[in-house]
Each structure stands twice: as C-alpha cells, then as structure tokens.
Amino acid sequence: MKLLDYSLLFAIIIGVIYLPIQMAEQEIIAYSRYQVQYHEKLDNAIDDGLFDLVERDTYETVSLNREEALERFYRSFYGNFGVPNIEIAKTKIRQHLPMIGIIEQNKMSIAYQKPTKNDGQWDLIDAWTNYAYYEYEEGGIRYQFQLGSKKDWVRVSFYENTTWIEGLRQDLAKKDSRLVWFLEEQRFEQIRRNTILKVLQKQMEQISNFYNRIGNQWGFQYEFYLPDVEQQDWCRAIDDIGMVVLFQGYPVEGTLGKTYTRFVYSGARTYKKAKLE
C-alpha cells in the first residue's frame, strides 16, 4: 500500500472517530444556549401573566382575574417565542403547553384545550377545569385547607351534618375535641401541604391523560407526563397564590430530536420563582 493510501485511510479513520464527537459537542452547546433563552422567554411570559392575576388582596378576601392573567400570558408567550399572529401557528406551539394552572387561596383550576363542535366542525377551544378545593377527608370529617397568608384558616364538615364551620385552627381545636390535632403544628402543616400537593398532582395527571387520549386525533406528536419532581420540592414551592406552567416536548433548534421541557411555579405576590424542572 502506498504512502498516499495510508494517509487517506488515516484521515478516514480520524474522521469516523472525531466527527461524531464534534457533532455531539456542538449539539450540547446549542442545547445549552437555547435552554437559557427558553428559560428567560418562559419566565417573562409568566411574570406578565401574574401582573394581572391579583386584583384585590387583603387578609379577608383575595380577588383574582384568571382570564386576564391567561390572556396576558399568551400574548407575551407568543411574542417571546416569535409566533406569528396566525391561529395555526398559535395552535401548533400550544400543543406543547398542556396546562396552565392558577393556584388560588383555597382552590385551583387548570386552563387547557378541549375538542368542541362548532358549526359542524370540531375545534380545540380554551377551557377551564372545574375548581378543585384543597380537601382532605379522614374519619368521616372533611377538611378544606388554604395557603399563603391564610394557611391557618380551615373549613370543617362533620359526617353528622352537611354544614361547614370555619376559622383559625387554634380556635376550632378548642370548640371540638375531634379537632384537637389542629394544635399539633407540625402534623397540621404536613397534612395541609400534602393535601394541596395531591390536589395539584391529580389535576395535572387528569389533564395529561386527557391529552394523551386525544393526541392521535389532533396531531399531537408528543406523549405528556407529569414532571419528575421530588415531593419535598413540590411542597416547598407550592404555598401561595400563583401560576404553574408545564411546557413540554418543544423541539430545540440546532439539535437532532432534543426537546425542551420545564415545569415552573411562580408566586403572584412575590414574583419569586421556585423552579421545578
């Protein structure tokens, strides 16, 4: 074999070995760069949505405008991600936004898209889930918890009647011996947080399953799932009025098949994010 042949063979071997490595490195760099950009774009859209969420906030009452918050979030989201003002383009990217949850003081709801027949044609339209209260039941007694500044306020319904009583946990504990455990602060706090978390997870799981059932019919090219987040991180984050957003399966530019997924919670009162990714 001539020297030139050896040189060509060596060049081919080097190319076969190092070209895939170089391509993989470039893909990692591209993914990291776009991930930072997507983080910022999504954060800004959530902040814009939260700007209009709380209309009135006192200890006694909190008034929220979830419709305006959702509309403002979408406007900012489309602009940040360069989505043209065309319905088909908006619908396509919103397939990667399976749920936008509004966390209220005593309940929550999720904005999603559901199939609806209009003038003989089926379309995906915006809808809200029914309100889900932070409710816990044990021994025939129902408890409804709250979060934020009213985390010590509880509603209670006993099995022997359908009426509700409510008040601070310390006061209720003195009125009925069955509620004396309200004075155990650590136990009360653990049950309260776990209840709120389970309600949120159940709602998200139902919406994910719903999208996966209708996915083939509506051209969804992604299977939705609950984010893999440690329970202690969930409990630490979800403890005030705010917004939760799941952005899942978005194709990352400059990569071969990589997708961007992120679950974010942001408190409306503080604008400080507890990012769960």
# chains A, B, ... in the order shown; residues from 1 in each chain; ligands from 1
call {"tool": "select_by_dssp", "arguments": {"residues": "stretch 43-194 of chain A", "states": "strand (DSSP E)", "output": "PyMOL selection string"}}
result
chain A and resi 54-57+62-64+99-103+107-118+121-128+132-133+135-138+141-144+153-157+165-168
call {"tool": "closest_atom_pairs", "arguments": {"of": "stretch 146-246 of chain A", "to": "stretch 95-109 of chain A", "cutoff": "10 Å", "atoms": "only C-alpha atoms", "output": "CSV"}}
result
residue,atom,partner,partner_atom,distance
A:Gln146,CA,A:Asn106,CA,4.5
A:Leu147,CA,A:Gln105,CA,5.3
A:Gly148,CA,A:Gln105,CA,6.7
A:Ser149,CA,A:Gln105,CA,8.6
A:Lys150,CA,A:Gln105,CA,7.7
A:Lys151,CA,A:Gln105,CA,8.6
A:Trp153,CA,A:Asn106,CA,9.7
A:Val154,CA,A:Asn106,CA,9.5
A:Arg155,CA,A:Asn106,CA,9.9
A:Ile196,CA,A:Lys107,CA,8.6
A:Val199,CA,A:Met108,CA,8.4
A:Leu200,CA,A:Met108,CA,7.6
A:Gln203,CA,A:Ser109,CA,8.1
A:Met204,CA,A:Met99,CA,7.4
A:Ile207,CA,A:Met99,CA,7.3
A:Ser208,CA,A:Pro98,CA,7.1
A:Phe210,CA,A:Pro98,CA,9.7
A:Tyr211,CA,A:Pro98,CA,7.4
A:Gly215,CA,A:Gln95,CA,9.5
A:Trp218,CA,A:Gln95,CA,9.5
A:Gly219,CA,A:Gln95,CA,9.1
A:Phe220,CA,A:Gln95,CA,6.6
A:Gln221,CA,A:Gln95,CA,8.8
A:Tyr222,CA,A:His96,CA,8.3
A:Phe224,CA,A:Pro98,CA,7.8
A:Tyr225,CA,A:Pro98,CA,9.8
A:Ile238,CA,A:Ile103,CA,8.3
A:Asp239,CA,A:Ile103,CA,8.9
A:Asp240,CA,A:Gln105,CA,7.0
A:Ile241,CA,A:Glu104,CA,5.0
A:Gly242,CA,A:Ile103,CA,5.1
A:Met243,CA,A:Ile102,CA,4.8
A:Val244,CA,A:Gly101,CA,4.9
A:Val245,CA,A:Ile100,CA,4.6
A:Leu246,CA,A:Met99,CA,5.7
call {"tool": "closest_residue", "arguments": {"among": "A:Glu55, A:Asp47, A:Asp152, A:Ile214", "to": "A:Gln113", "atoms": "only C-alpha atoms"}}
result
A:Ile214
call {"tool": "atom_distance", "arguments": {"atom1": "atom CA of A:Tyr74", "atom2": "atom CA of A:Ala45"}}
result
7.3 Å
call {"tool": "select_by_dssp", "arguments": {"residues": "stretch 21-268 of chain A", "states": "helix (DSSP H, G or I)", "output": "PyMOL selection string"}}
result
chain A and resi 21-51+66-80+87-94+148-150+169-175+177-183+185-218+231-237
call {"tool": "closest_residue", "arguments": {"among": "A:Tyr34, A:Phe81, A:Phe73, A:Tyr159", "to": "A:Thr255", "atoms": "only C-alpha atoms"}}
result
A:Tyr34
call {"tool": "residues_around", "arguments": {"residues": "stretch 187-191 of chain A", "least_positions_apart": "3", "cutoff": "10 Å", "atoms": "only C-alpha atoms", "output": "PyMOL selection string"}}
result
chain A and resi 136+145+151-152+169+181-184+194-197+235
call {"tool": "write_last_selection", "arguments": {"atoms": "N, CA, C and O atoms", "output": "mmCIF file, in the first residue's frame"}}
result
data_model
loop_
_atom_site.group_PDB
_atom_site.id
_atom_site.type_symbol
_atom_site.label_atom_id
_atom_site.label_comp_id
_atom_site.auth_asym_id
_atom_site.auth_seq_id
_atom_site.Cartn_x
_atom_site.Cartn_y
_atom_site.Cartn_z
ATOM 1 N N TYR A 136 -59.386 17.367 52.236
ATOM 2 C CA TYR A 136 -58.847 16.144 52.834
ATOM 3 C C TYR A 136 -59.940 15.536 53.706
ATOM 4 O O TYR A 136 -60.668 16.252 54.395
ATOM 5 N N PHE A 145 -58.345 23.164 53.276
ATOM 6 C CA PHE A 145 -57.219 23.986 53.699
ATOM 7 C C PHE A 145 -57.028 25.179 52.770
ATOM 8 O O PHE A 145 -57.606 25.244 51.682
ATOM 9 N N LYS A 151 -52.979 30.305 55.745
ATOM 10 C CA LYS A 151 -52.670 28.879 55.837
ATOM 11 C C LYS A 151 -53.174 28.256 57.140
ATOM 12 O O LYS A 151 -53.283 27.030 57.232
ATOM 13 N N ASP A 152 -53.473 29.055 58.161
ATOM 14 C CA ASP A 152 -54.003 28.524 59.417
ATOM 15 C C ASP A 152 -55.528 28.558 59.467
ATOM 16 O O ASP A 152 -56.125 28.227 60.496
ATOM 17 N N ARG A 169 -57.257 27.481 63.000
ATOM 18 C CA ARG A 169 -57.136 26.117 63.517
ATOM 19 C C ARG A 169 -57.056 26.098 65.044
ATOM 20 O O ARG A 169 -57.618 25.197 65.688
ATOM 21 N N TRP A 181 -56.128 17.934 67.195
ATOM 22 C CA TRP A 181 -54.858 17.749 66.490
ATOM 23 C C TRP A 181 -54.443 18.998 65.704
ATOM 24 O O TRP A 181 -53.286 19.121 65.295
ATOM 25 N N PHE A 182 -55.365 19.944 65.539
ATOM 26 C CA PHE A 182 -55.018 21.211 64.891
ATOM 27 C C PHE A 182 -53.923 21.948 65.660
ATOM 28 O O PHE A 182 -53.217 22.788 65.094
ATOM 29 N N LEU A 183 -53.810 21.655 66.963
ATOM 30 C CA LEU A 183 -52.800 22.322 67.785
ATOM 31 C C LEU A 183 -51.406 21.745 67.556
ATOM 32 O O LEU A 183 -50.415 22.349 67.976
ATOM 33 N N GLU A 184 -51.337 20.592 66.904
ATOM 34 C CA GLU A 184 -50.037 19.994 66.570
ATOM 35 C C GLU A 184 -49.553 20.627 65.265
ATOM 36 O O GLU A 184 -49.872 20.165 64.179
ATOM 37 N N ASN A 194 -49.420 18.372 52.041
ATOM 38 C CA ASN A 194 -49.616 17.156 51.249
ATOM 39 C C ASN A 194 -50.957 17.168 50.525
ATOM 40 O O ASN A 194 -51.072 16.680 49.394
ATOM 41 N N THR A 195 -51.980 17.721 51.187
ATOM 42 C CA THR A 195 -53.303 17.802 50.565
ATOM 43 C C THR A 195 -53.265 18.699 49.334
ATOM 44 O O THR A 195 -53.772 18.331 48.263
ATOM 45 N N ILE A 196 -52.671 19.879 49.471
ATOM 46 C CA ILE A 196 -52.564 20.810 48.343
ATOM 47 C C ILE A 196 -51.787 20.170 47.199
ATOM 48 O O ILE A 196 -52.176 20.251 46.029
ATOM 49 N N LEU A 197 -50.696 19.502 47.542
ATOM 50 C CA LEU A 197 -49.869 18.857 46.526
ATOM 51 C C LEU A 197 -50.632 17.762 45.790
ATOM 52 O O LEU A 197 -50.587 17.671 44.556
ATOM 53 N N CYS A 235 -43.673 20.533 47.718
ATOM 54 C CA CYS A 235 -44.278 21.095 48.933
ATOM 55 C C CYS A 235 -43.666 22.444 49.283
ATOM 56 O O CYS A 235 -44.359 23.352 49.741
#
call {"tool": "atom_distance", "arguments": {"atom1": "atom CA of A:Arg72", "atom2": "atom CA of A:Gly49"}}
result
5.0 Å
call {"tool": "closest_residue", "arguments": {"among": "A:Glu137, A:Ile110, A:Arg33, A:Trp128", "to": "A:Gln201", "atoms": "only C-alpha atoms"}}
result
A:Ile110
call {"tool": "atom_distance", "arguments": {"atom1": "atom CA of A:Leu53", "atom2": "atom CA of A:Asp123"}}
result
27.4 Å
call {"tool": "residues_around", "arguments": {"residues": "A:Arg75", "least_positions_apart": "3", "cutoff": "10 Å", "atoms": "only C-alpha atoms", "output": "MDAnalysis selection string"}}
result
chainID A and resid 45 48:49 70:72 78:80 83 85
call {"tool": "write_last_selection", "arguments": {"atoms": "N, CA and C atoms", "output": "PDB file, in the first residue's frame"}}
result
ATOM      1  N   ALA A  45     -42.957  35.481  30.214  1.00  0.00           N
ATOM      2  CA  ALA A  45     -44.380  35.312  29.914  1.00  0.00           C
ATOM      3  C   ALA A  45     -45.177  35.075  31.196  1.00  0.00           C
ATOM      4  N   ASP A  48     -45.498  38.314  33.144  1.00  0.00           N
ATOM      5  CA  ASP A  48     -46.503  39.188  32.534  1.00  0.00           C
ATOM      6  C   ASP A  48     -47.913  38.719  32.884  1.00  0.00           C
ATOM      7  N   GLY A  49     -48.131  37.408  32.894  1.00  0.00           N
ATOM      8  CA  GLY A  49     -49.441  36.888  33.260  1.00  0.00           C
ATOM      9  C   GLY A  49     -49.791  37.188  34.705  1.00  0.00           C
ATOM     10  N   LEU A  70     -54.422  34.769  32.010  1.00  0.00           N
ATOM     11  CA  LEU A  70     -54.146  33.797  30.951  1.00  0.00           C
ATOM     12  C   LEU A  70     -53.945  34.491  29.612  1.00  0.00           C
ATOM     13  N   GLU A  71     -54.792  35.472  29.311  1.00  0.00           N
ATOM     14  CA  GLU A  71     -54.679  36.189  28.038  1.00  0.00           C
ATOM     15  C   GLU A  71     -53.347  36.930  27.945  1.00  0.00           C
ATOM     16  N   ARG A  72     -52.954  37.561  29.045  1.00  0.00           N
ATOM     17  CA  ARG A  72     -51.695  38.308  29.036  1.00  0.00           C
ATOM     18  C   ARG A  72     -50.501  37.356  28.929  1.00  0.00           C
ATOM     19  N   TYR A  78     -46.407  34.238  22.990  1.00  0.00           N
ATOM     20  CA  TYR A  78     -46.310  34.244  21.530  1.00  0.00           C
ATOM     21  C   TYR A  78     -45.223  35.210  21.060  1.00  0.00           C
ATOM     22  N   GLY A  79     -45.188  36.394  21.664  1.00  0.00           N
ATOM     23  CA  GLY A  79     -44.192  37.379  21.266  1.00  0.00           C
ATOM     24  C   GLY A  79     -42.778  36.920  21.582  1.00  0.00           C
ATOM     25  N   ASN A  80     -42.575  36.351  22.769  1.00  0.00           N
ATOM     26  CA  ASN A  80     -41.240  35.920  23.178  1.00  0.00           C
ATOM     27  C   ASN A  80     -40.703  34.794  22.302  1.00  0.00           C
ATOM     28  N   VAL A  83     -43.906  33.706  17.645  1.00  0.00           N
ATOM     29  CA  VAL A  83     -45.029  33.049  16.981  1.00  0.00           C
ATOM     30  C   VAL A  83     -45.837  34.102  16.217  1.00  0.00           C
ATOM     31  N   ASN A  85     -48.929  36.029  14.270  1.00  0.00           N
ATOM     32  CA  ASN A  85     -50.330  36.186  14.653  1.00  0.00           C
ATOM     33  C   ASN A  85     -51.239  35.415  13.694  1.00  0.00           C
TER      34      ASN A  85
END
